[in-house]
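Q: So I've got this file, structure-v2.cif, and it contains mmCIF, C-alpha atoms:
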```cif
data_structure
loop_
_atom_site.label_atom_id
_atom_site.label_comp_id
_atom_site.auth_asym_id
_atom_site.auth_seq_id
_atom_site.Cartn_x
_atom_site.Cartn_y
_atom_site.Cartn_z
CA MET L 290 -19.24 -20.58 -8.17
CA LEU L 291 -19.97 -20.28 -4.46
CA GLU L 292 -22.12 -22.99 -2.91
CA ASN L 293 -23.06 -23.65 0.72
CA LYS L 294 -21.02 -20.71 2.03
CA LYS L 295 -21.64 -18.23 4.80
CA ILE L 296 -20.84 -14.79 3.38
CA VAL L 297 -20.91 -11.51 5.30
CA PHE L 298 -20.66 -8.08 3.66
CA ILE L 299 -19.34 -5.35 5.98
CA VAL L 300 -20.26 -1.95 4.56
CA ASN L 301 -18.87 1.40 5.65
CA PRO L 302 -21.73 3.70 4.58
CA ILE L 303 -19.65 6.89 4.73
CA SER L 304 -16.28 5.80 3.35
CA GLY L 305 -14.82 6.69 -0.02
CA VAL L 306 -16.61 7.80 -3.12
CA GLY L 307 -18.44 4.70 -4.38
CA LYS L 308 -22.22 4.25 -4.21
CA LYS L 309 -23.22 1.33 -1.99
CA ASP L 310 -27.04 1.42 -2.09
CA MET L 311 -27.05 -0.95 -5.08
CA LEU L 312 -25.18 -3.65 -3.11
CA PRO L 313 -28.19 -5.93 -2.30
CA GLU L 314 -29.22 -5.97 -5.96
CA VAL L 315 -25.70 -6.83 -7.13
CA VAL L 316 -25.35 -9.52 -4.45
CA ASP L 317 -28.59 -11.13 -5.63
CA LYS L 318 -27.35 -11.05 -9.23
CA TYR L 319 -24.06 -12.83 -8.63
CA ILE L 320 -24.51 -14.95 -5.51
CA ASN L 321 -27.21 -17.58 -5.10
CA GLY L 322 -29.11 -16.74 -1.93
CA GLU L 323 -30.76 -20.17 -1.87
CA THR L 324 -27.52 -22.15 -1.62
CA ASN L 325 -25.50 -19.57 0.35
CA GLU L 326 -26.18 -17.76 3.63
CA ILE L 327 -25.76 -14.01 3.08
CA GLU L 328 -25.65 -11.17 5.61
CA ILE L 329 -25.08 -7.43 5.05
CA ILE L 330 -23.96 -5.33 8.04
CA LEU L 331 -23.41 -1.55 8.12
CA THR L 332 -20.65 -0.19 10.35
CA GLU L 333 -21.56 2.45 12.91
CA TYR L 334 -18.22 3.81 14.16
CA ALA L 335 -14.45 3.64 13.66
CA GLY L 336 -13.20 0.17 14.60
CA HIS L 337 -16.61 -1.45 14.18
CA ALA L 338 -15.58 -3.29 10.98
CA PHE L 339 -12.70 -4.96 12.83
CA LYS L 340 -14.97 -6.16 15.63
CA ILE L 341 -17.54 -7.56 13.21
CA ALA L 342 -14.90 -9.30 11.09
CA LYS L 343 -13.20 -10.85 14.14
CA GLN L 344 -16.52 -12.12 15.47
CA LYS L 345 -17.49 -13.62 12.10
CA ALA L 346 -14.10 -15.30 11.74
CA ASP L 347 -14.50 -16.82 15.23
CA GLU L 348 -17.93 -18.10 14.16
CA GLY L 349 -16.41 -19.85 11.16
CA VAL L 350 -17.96 -17.68 8.42
CA ASN L 351 -16.39 -18.63 5.07
CA ILE L 352 -16.04 -15.18 3.50
CA VAL L 353 -16.15 -11.64 4.88
CA VAL L 354 -16.30 -8.90 2.23
CA ALA L 355 -15.07 -5.37 2.94
CA VAL L 356 -17.19 -2.79 1.11
CA GLY L 357 -15.46 0.57 1.43
CA GLY L 358 -12.10 2.31 1.17
CA ASP L 359 -8.61 1.37 2.29
CA GLY L 360 -9.39 1.99 5.97
CA THR L 361 -12.38 -0.35 5.87
CA VAL L 362 -10.37 -3.01 4.04
CA ASN L 363 -7.61 -2.76 6.65
CA GLU L 364 -10.07 -3.06 9.55
CA VAL L 365 -11.81 -6.10 8.08
CA ALA L 366 -8.52 -7.76 7.12
CA ARG L 367 -7.13 -7.24 10.64
CA GLY L 368 -10.12 -9.15 11.99
CA LEU L 369 -9.46 -12.09 9.66
CA VAL L 370 -5.69 -12.63 9.94
CA GLU L 371 -4.53 -16.10 10.94
CA SER L 372 -8.03 -17.51 10.40
CA GLN L 373 -9.65 -19.71 7.75
CA THR L 374 -12.08 -16.95 6.79
CA ALA L 375 -11.32 -15.38 3.41
CA LEU L 376 -11.31 -11.64 2.71
CA GLY L 377 -13.28 -10.33 -0.26
CA ILE L 378 -12.98 -6.72 -1.42
CA ILE L 379 -15.47 -4.43 -3.11
CA PRO L 380 -13.42 -1.22 -3.49
CA CYS L 381 -15.40 1.96 -2.89
CA GLY L 382 -12.65 4.30 -1.75
CA SER L 383 -10.56 7.07 -3.24
CA GLY L 384 -7.27 5.12 -3.30
CA ASN L 385 -8.15 1.39 -3.26
CA GLY L 386 -4.51 0.38 -2.79
CA LEU L 387 -4.94 -3.33 -1.99
CA ALA L 388 -7.65 -3.82 -4.60
CA ARG L 389 -5.51 -2.19 -7.29
CA HIS L 390 -2.45 -4.27 -6.36
CA LEU L 391 -4.57 -7.42 -6.59
CA MET L 392 -5.91 -6.12 -9.91
CA LEU L 393 -9.52 -6.35 -8.79
CA PRO L 394 -12.15 -4.46 -10.79
CA ILE L 395 -12.77 -0.98 -9.37
CA ASN L 396 -16.52 -1.27 -9.80
CA MET L 397 -19.10 -3.12 -7.76
CA GLU L 398 -20.36 -5.53 -10.42
CA GLY L 399 -16.88 -6.52 -11.56
CA ALA L 400 -15.66 -7.00 -7.99
CA MET L 401 -18.77 -9.03 -7.10
CA LYS L 402 -18.18 -11.32 -10.08
CA ILE L 403 -14.66 -12.06 -8.77
CA ILE L 404 -16.09 -12.78 -5.31
CA SER L 405 -18.68 -15.14 -6.81
CA GLU L 406 -15.88 -17.18 -8.41
CA GLY L 407 -14.39 -17.70 -4.93
CA VAL L 408 -10.72 -18.28 -5.81
CA VAL L 409 -8.77 -17.93 -2.54
CA HIS L 410 -5.01 -17.61 -2.03
CA ALA L 411 -3.09 -17.39 1.25
CA LEU L 412 -1.01 -14.19 1.08
CA ASP L 413 1.47 -12.29 3.24
CA TYR L 414 0.83 -9.30 5.47
CA GLY L 415 2.98 -7.09 7.67
CA ILE L 416 2.93 -5.71 11.22
CA ILE L 417 4.46 -2.44 12.40
CA ASN L 418 4.54 -2.05 16.20
CA ASP L 419 1.53 -4.39 16.58
CA HIS L 420 -0.47 -2.68 13.78
CA PRO L 421 -1.19 -5.08 10.86
CA PHE L 422 -0.93 -3.68 7.34
CA PHE L 423 -1.57 -5.25 3.96
CA CYS L 424 -0.26 -2.68 1.44
CA THR L 425 2.31 -0.35 2.99
CA CYS L 426 3.44 1.26 6.19
CA GLY L 427 5.83 4.14 6.47
CA MET L 428 7.33 7.11 8.20
CA GLY L 429 8.58 10.46 7.08
CA PHE L 430 6.83 12.46 4.39
CA ASP L 431 4.24 9.84 3.39
CA ALA L 432 3.11 9.48 7.01
CA PHE L 433 3.08 13.26 7.38
CA ILE L 434 0.86 13.54 4.29
CA SER L 435 -1.40 10.74 5.55
CA LYS L 436 -1.98 12.81 8.67
CA LYS L 437 -2.66 15.95 6.62
CA PHE L 438 -5.05 13.98 4.39
CA ALA L 439 -6.90 12.56 7.40
CA ASP L 440 -7.23 16.04 8.93
CA ALA L 441 -8.34 17.69 5.69
CA GLY L 442 -11.99 16.72 6.11
CA LYS L 443 -12.40 15.82 2.45
CA ARG L 444 -11.30 12.97 0.22
CA GLY L 445 -10.04 12.43 -3.28
CA PRO L 446 -6.76 12.68 -5.21
CA MET L 447 -6.86 16.49 -5.44
CA THR L 448 -6.66 16.80 -1.65
CA TYR L 449 -3.62 14.53 -1.70
CA ILE L 450 -1.95 16.48 -4.51
CA GLU L 451 -2.63 19.83 -2.83
CA ASN L 452 -1.02 18.66 0.41
CA VAL L 453 1.98 17.17 -1.40
CA LEU L 454 2.63 20.37 -3.36
CA ILE L 455 2.12 22.73 -0.43
CA GLU L 456 3.92 20.76 2.28
CA GLY L 457 6.56 18.94 0.25
CA LEU L 458 8.71 21.99 -0.39
CA LYS L 459 9.14 22.73 3.32
CA TYR L 460 9.35 19.19 4.73
CA LYS L 461 12.66 18.44 6.49
CA PRO L 462 14.21 14.96 6.07
CA GLU L 463 14.98 12.82 9.12
CA THR L 464 17.83 10.44 9.97
CA TYR L 465 17.03 6.73 10.26
CA SER L 466 19.10 3.78 11.49
CA ILE L 467 17.84 0.58 9.88
CA THR L 468 18.52 -3.08 10.64
CA LEU L 469 17.43 -5.65 8.06
CA ASP L 470 17.16 -9.26 9.24
CA GLY L 471 19.82 -8.53 11.87
CA ASN L 472 22.19 -6.66 9.52
CA GLU L 473 22.62 -2.98 10.34
CA THR L 474 22.83 -0.58 7.41
CA GLU L 475 24.45 2.85 7.33
CA PRO L 476 22.31 5.70 8.75
CA TYR L 477 20.16 7.36 6.10
CA ASP L 478 18.99 10.94 5.81
CA ALA L 479 15.66 10.22 4.16
CA PHE L 480 12.58 12.01 2.89
CA LEU L 481 10.61 8.89 3.72
CA VAL L 482 11.03 5.22 4.60
CA SER L 483 8.29 2.93 3.35
CA VAL L 484 7.88 -0.79 3.97
CA ALA L 485 5.73 -2.40 1.31
CA ASN L 486 3.92 -5.72 1.26
CA ALA L 487 2.08 -4.68 -1.92
CA SER L 488 3.25 -2.47 -4.75
CA GLN L 489 1.33 0.76 -4.31
CA TYR L 490 -0.17 3.33 -1.97
CA GLY L 491 -3.35 3.54 -4.03
CA ASN L 492 -4.46 5.61 -7.05
CA ASP L 493 -1.80 3.65 -8.99
CA ALA L 494 1.09 5.37 -7.19
CA TYR L 495 3.70 2.59 -7.14
CA ILE L 496 6.07 3.02 -4.19
CA ALA L 497 7.48 -0.51 -4.57
CA PRO L 498 6.83 -1.73 -8.12
CA LYS L 499 8.35 -5.18 -7.55
CA ALA L 500 6.66 -5.92 -4.23
CA SER L 501 4.77 -9.21 -4.00
CA MET L 502 2.27 -10.47 -1.42
CA SER L 503 3.44 -14.06 -1.93
CA ASP L 504 7.26 -13.89 -1.87
CA GLY L 505 7.72 -14.02 1.91
CA LEU L 506 9.54 -10.67 1.95
CA LEU L 507 8.82 -7.00 2.58
CA ASP L 508 10.22 -4.30 0.30
CA VAL L 509 12.01 -1.49 2.15
CA VAL L 510 12.09 1.76 0.16
CA ILE L 511 14.26 4.67 1.27
CA MET L 512 13.72 7.92 -0.58
CA GLU L 513 16.66 10.28 -0.24
CA PRO L 514 16.14 14.06 -0.07
CA PHE L 515 15.47 15.75 -3.39
CA ASP L 516 14.92 19.30 -4.59
CA ILE L 517 12.20 20.97 -6.60
CA ILE L 518 13.97 20.12 -9.87
CA ASP L 519 13.91 16.39 -9.04
CA ALA L 520 10.28 16.39 -7.91
CA PRO L 521 8.61 15.95 -11.33
CA GLN L 522 10.81 12.93 -12.09
CA VAL L 523 9.98 11.33 -8.73
CA GLY L 524 6.29 11.86 -9.45
CA LEU L 525 6.66 10.36 -12.93
CA ASP L 526 8.45 7.32 -11.49
CA LEU L 527 5.64 6.80 -8.97
CA ILE L 528 2.92 6.57 -11.60
CA SER L 529 4.99 4.78 -14.27
CA LYS L 530 6.07 1.89 -11.98
CA THR L 531 9.75 2.86 -12.31
CA LEU L 532 10.52 4.35 -8.88
CA ASP L 533 12.91 1.48 -8.10
CA LYS L 534 15.18 2.79 -10.92
CA SER L 535 15.38 6.31 -9.51
CA SER L 536 18.74 7.63 -8.34
CA LYS L 537 16.93 8.95 -5.23
CA ILE L 538 15.77 5.49 -4.12
CA ARG L 539 17.47 2.76 -2.10
CA SER L 540 15.60 -0.55 -2.02
CA PHE L 541 16.03 -3.69 0.08
CA LYS L 542 14.06 -6.84 0.88
CA ALA L 543 13.75 -8.34 4.36
CA LYS L 544 11.43 -10.19 6.74
CA ASP L 545 12.31 -8.36 9.95
CA ILE L 546 13.11 -4.65 10.05
CA HIS L 547 14.10 -2.45 12.99
CA ILE L 548 14.08 1.31 12.44
CA THR L 549 15.30 3.94 14.90
CA ARG L 550 14.69 7.65 14.36
CA SER L 551 15.77 10.67 16.36
CA THR L 552 12.32 11.85 17.46
CA PRO L 553 8.83 10.37 17.92
CA GLY L 554 6.24 11.21 15.32
CA VAL L 555 3.54 10.03 12.99
CA ILE L 556 3.70 6.77 11.05
CA HIS L 557 1.03 5.24 8.85
CA PHE L 558 -0.24 1.74 8.15
CA ASP L 559 -2.30 1.43 4.97
CA GLY L 560 -2.71 5.19 5.04
CA ASP L 561 -4.03 5.43 8.61
CA PRO L 562 -1.81 7.80 10.63
CA ILE L 563 -0.87 7.15 14.24
CA MET L 564 1.73 8.58 16.62
CA GLU L 565 4.60 6.25 17.59
CA GLY L 566 7.96 6.53 19.35
CA THR L 567 11.52 6.44 18.09
CA ASP L 568 11.81 2.64 17.79
CA LEU L 569 9.79 0.86 15.11
CA HIS L 570 9.65 -2.87 14.45
CA VAL L 571 8.25 -4.19 11.18
CA GLN L 572 7.84 -7.89 10.51
CA LEU L 573 6.32 -10.17 7.90
CA ARG L 574 3.58 -12.73 8.51
CA SER L 575 3.91 -15.24 5.68
CA LYS L 576 0.66 -16.64 4.19
CA GLY L 577 -1.22 -15.22 7.16
CA ILE L 578 -4.36 -14.00 5.43
CA ARG L 579 -6.67 -15.67 2.92
CA ILE L 580 -7.89 -13.35 0.16
CA ILE L 581 -10.19 -13.82 -2.83
CA ILE L 582 -8.05 -13.01 -5.86
CA ASN L 583 -8.68 -12.26 -9.51
CA GLU L 584 -7.47 -15.34 -11.36
CA HIS L 585 -8.02 -13.53 -14.68
CA ALA L 586 -5.61 -10.67 -13.82
CA ASP L 587 -2.90 -9.85 -16.33
CA LYS L 588 0.09 -9.53 -13.98
CA SER L 589 2.25 -8.07 -16.75
CA ARG L 590 0.29 -4.83 -16.24
CA ARG L 591 2.17 -4.35 -12.95
CA ARG L 592 5.40 -3.89 -14.91
CA PRO L 593 6.31 -0.66 -16.73
CA ASN L 594 5.87 -0.73 -20.48
CA VAL L 595 8.70 0.08 -22.89
CA MET L 596 7.79 3.76 -23.19
CA GLN L 597 7.52 4.24 -19.41
CA SER L 598 10.92 2.59 -18.88
CA ALA L 599 12.53 4.67 -21.63
CA PHE L 600 11.25 7.99 -20.24
CA SER L 601 12.32 7.04 -16.72
CA GLU L 602 15.82 6.05 -17.76
CA PHE L 603 16.24 9.19 -19.88
CA PHE L 604 15.22 11.63 -17.13
CA ASN L 605 17.21 9.79 -14.45
CA GLU L 606 20.28 10.05 -16.68
CA LEU L 607 19.70 13.81 -16.91
CA ILE L 608 19.54 14.03 -13.10
CA THR L 609 22.76 12.02 -12.78
CA VAL L 610 24.55 14.27 -15.29
CA ARG L 611 23.30 17.36 -13.47
CA ASP L 612 24.55 16.00 -10.13
CA ASP L 613 27.90 15.13 -11.66
CA LEU L 614 28.30 18.65 -13.02
CA THR L 615 27.28 20.12 -9.65
CA HIS L 616 29.83 18.02 -7.76
CA PRO L 617 32.83 17.64 -10.11
CA VAL L 618 35.35 16.79 -7.37
CA SER L 619 33.33 13.93 -5.90
CA THR L 620 32.56 12.73 -9.43
CA MET L 621 36.27 12.65 -10.31
CA LYS L 622 37.08 10.73 -7.11
CA SER L 623 34.37 8.21 -7.98
CA ILE L 624 35.82 7.77 -11.47
CA LEU L 625 39.39 7.32 -10.14
CA LYS L 626 38.20 4.60 -7.73
CA LYS L 627 36.94 2.60 -10.68
CA VAL L 628 40.25 2.88 -12.61
#
```
What does the file become when written as C-alpha cells?

A:
Amino acid sequence: MLENKKIVFIVNPISGVGKKDMLPEVVDKYINGETNEIEIILTEYAGHAFKIAKQKADEGVNIVVAVGGDGTVNEVARGLVESQTALGIIPCGSGNGLARHLMLPINMEGAMKIISEGVVHALDYGIINDHPFFCTCGMGFDAFISKKFADAGKRGPMTYIENVLIEGLKYKPETYSITLDGNETEPYDAFLVSVANASQYGNDAYIAPKASMSDGLLDVVIMEPFDIIDAPQVGLDLISKTLDKSSKIRSFKAKDIHITRSTPGVIHFDGDPIMEGTDLHVQLRSKGIRIIINEHADKSRRRPNVMQSAFSEFFNELITVRDDLTHPVSTMKSILKKV
C-alpha cells in the first residue's frame, strides 16, 4: 500500500466516455489521505496535461495519474519520461490502448486499487520524429483513419468502424523504403506501416500481438495491400491476436528504424494525427518510463486461444489457396525453386 507519497491526479474532464465525477470518492476509498499527499487537477486545454506532468516530475512528485483517454495518457506520460516519477492510469477513453496492453482494469475502482498497490516497473517507450509514443505509431491507412477519427467530432468504436468501411475501399497504398538497425530492406508497397511498443491500438485490436514493453525492441508491422475479399480475415486477425500469422503481414523487430516515403502526409503517435515529411525516424528508449503495473495480470490472455488460432490458420490457408489459383504461373515457379 502507498505510504508517504505525493500523488497527483491529472483529469481531462472532456475526454473519452468514462464518468470522472466520482474520482474524489474513489481516491478516498483506496488511498490514505492522512499518510499521502493527494492533489487532483483538471486540464483546461490541449497540451495542459503534459505541462502539469512535467512540472510535477520536476518537483519530485512520486506518482502522476492520467485520468482520461489515450491522448491524455500520452500527454501525461510524455511529461514523465526519463524521470523517477511513476505513471498511473485510470482509463476513461474509448480505446484505452496502453491500459489494455498492461491489462489494467477498465473501471475506476479496479484501476484505483492497482494504483494503491503501487507496483512500479521501468518500461520502454518509442519516439517518432521527436514525438514520444507508448503504444504505437504509424503511417498509411491507420494514420489516415486517425485523422478522420479526430475530425469526426464524435468518439466511440462505431465512428472508427464507419470510417474504416467507407474509406478503406478507396485508400491507395504507398511505397516505403525501410532501414532496420542500419540494414535496408526491399521497398514495400504497403497499406500501412505500424511501429509498436505495445500490442494494440486500443479496443483490443492487436496490431502487434507479440510486442512487449520490456524487451528492448520495437515491432515493425507492414500490412501489404489487400482486397475486399481479404478484409474480413484481416479484421478477424486483429481482434483474435493472430495478425502476425496473416499472409498480408510482414513483421520485424528493431531498435532504430528509418522510413522514407514518396510524399509527405499524416502520421500518428498513440492515435494522435500530425503532418510530417517524407523522412521518418523511429527509435526505442529502453526502460525510459516508470509505470504502475498490474502484478495480478494473467499475461496468457495476450496470446490467442486454441480456437482463435485454428480459425486464423484455416482462413489464411483459404486465402493462400485462392492466391495460388489466381497466379498459377508464379505458384509453379515457386514450387520448382523448392525442388

Q: Report, in Å with one decimal, the straight-line distance from CA of Ala485 in chain L to CA of Phe515 in chain L.

A: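 Interatomic distance, CA of Ala485 in chain L to CA of Phe515 in chain L: 21.1 Å.
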
Q: Could you produce a table of the residues of range 305-399 of chain L lying within 10 Å of range 403-408 of chain L, with the nearest pair of atoms per residue and their separation in Å rounded to one decimal, using only C-alpha atoms, ordered by chain and increasing residue number, as JSON lines?

A:
```
{"residue": "L:Val316", "atom": "CA", "partner": "L:Ser405", "partner_atom": "CA", "distance": 9.0}
{"residue": "L:Lys318", "atom": "CA", "partner": "L:Ser405", "partner_atom": "CA", "distance": 9.9}
{"residue": "L:Tyr319", "atom": "CA", "partner": "L:Ser405", "partner_atom": "CA", "distance": 6.1}
{"residue": "L:Ile320", "atom": "CA", "partner": "L:Ser405", "partner_atom": "CA", "distance": 6.0}
{"residue": "L:Asn321", "atom": "CA", "partner": "L:Ser405", "partner_atom": "CA", "distance": 9.0}
{"residue": "L:Ile352", "atom": "CA", "partner": "L:Gly407", "partner_atom": "CA", "distance": 9.0}
{"residue": "L:Val354", "atom": "CA", "partner": "L:Ile404", "partner_atom": "CA", "distance": 8.5}
{"residue": "L:Ala375", "atom": "CA", "partner": "L:Gly407", "partner_atom": "CA", "distance": 9.2}
{"residue": "L:Leu376", "atom": "CA", "partner": "L:Ile404", "partner_atom": "CA", "distance": 9.4}
{"residue": "L:Gly377", "atom": "CA", "partner": "L:Ile404", "partner_atom": "CA", "distance": 6.3}
{"residue": "L:Ile378", "atom": "CA", "partner": "L:Ile404", "partner_atom": "CA", "distance": 7.8}
{"residue": "L:Ile379", "atom": "CA", "partner": "L:Ile404", "partner_atom": "CA", "distance": 8.7}
{"residue": "L:Leu393", "atom": "CA", "partner": "L:Ile403", "partner_atom": "CA", "distance": 7.7}
{"residue": "L:Pro394", "atom": "CA", "partner": "L:Ile403", "partner_atom": "CA", "distance": 8.3}
{"residue": "L:Glu398", "atom": "CA", "partner": "L:Ile403", "partner_atom": "CA", "distance": 8.8}
{"residue": "L:Gly399", "atom": "CA", "partner": "L:Ile403", "partner_atom": "CA", "distance": 6.6}
```

Q: Quick check on the file I pasted: which residues fall under the PyMOL selection byres ((chain L and resi 539-550) around 10)? Write them as number ranges by chain.

A: L: 415-417, 428-429, 463-473, 476-477, 479, 482-485, 497, 500, 505-513, 532-538, 551-554, 566-575

Q: Find the residues near Asp347 in chain L: any atom within 10 Å, counting all atoms listed in the file, skip ones fewer than 3 places away on the same chain, and give them as a compact mmCIF listing (two decimals) with C-alpha atoms, keeping the file's coordinate frame.

A:
```txt
# COMPACT_ATOMS: atom_id res chain seq x y z
CA ILE L 341 -17.54 -7.56 13.21
CA ALA L 342 -14.90 -9.30 11.09
CA LYS L 343 -13.20 -10.85 14.14
CA GLN L 344 -16.52 -12.12 15.47
CA VAL L 350 -17.96 -17.68 8.42
CA GLY L 368 -10.12 -9.15 11.99
CA LEU L 369 -9.46 -12.09 9.66
CA SER L 372 -8.03 -17.51 10.40
CA GLN L 373 -9.65 -19.71 7.75
CA THR L 374 -12.08 -16.95 6.79
```

Q: If the PyMOL selection byres ((chain L and resi 356) around 7) were run on this exact file, what residues would it hold? Put them as a count of residues only.

A: 11

Q: List as JSON, numbers by chain the protein and nucleic acid residues near Met392 in chain L, meaning an atom at most 12 Å away when all atoms listed in the file are counted, but skip any in the same chain fewer than 5 places from it.

A: {"L": [378, 379, 380, 385, 386, 387, 399, 400, 403, 487, 488, 489, 491, 493, 581, 582, 583, 584, 585, 586, 587, 588, 589, 590, 591]}

Q: Kindly indicate which residue among L:Val297, L:Leu391, L:Glu314, L:Lys576 lies nearest to Val353 in chain L, using only C-alpha atoms for the distances.

A: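 So, comparing all the options, the nearest one is L:Val297.
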
Q: Need the shell around Ile327 in chain L: protein/DNA/RNA residues with any atom at most 7 Å away, counting all atoms listed in the file. Skip same-chain ones fewer than 5 positions apart. Format as a PDB file with C-alpha atoms, keeping the file's coordinate frame?

A:
```pdb
ATOM      1  CA  LYS L 295     -21.640 -18.230   4.800  1.00  0.00           C
ATOM      2  CA  ILE L 296     -20.840 -14.790   3.380  1.00  0.00           C
ATOM      3  CA  VAL L 297     -20.910 -11.510   5.300  1.00  0.00           C
ATOM      4  CA  GLY L 322     -29.110 -16.740  -1.930  1.00  0.00           C
TER       5      GLY L 322
END
```

Q: Would you compute the distance between CA of Asp561 in chain L and CA of Leu527 in chain L? Give it in Å to one decimal.

A: 20.1 Å
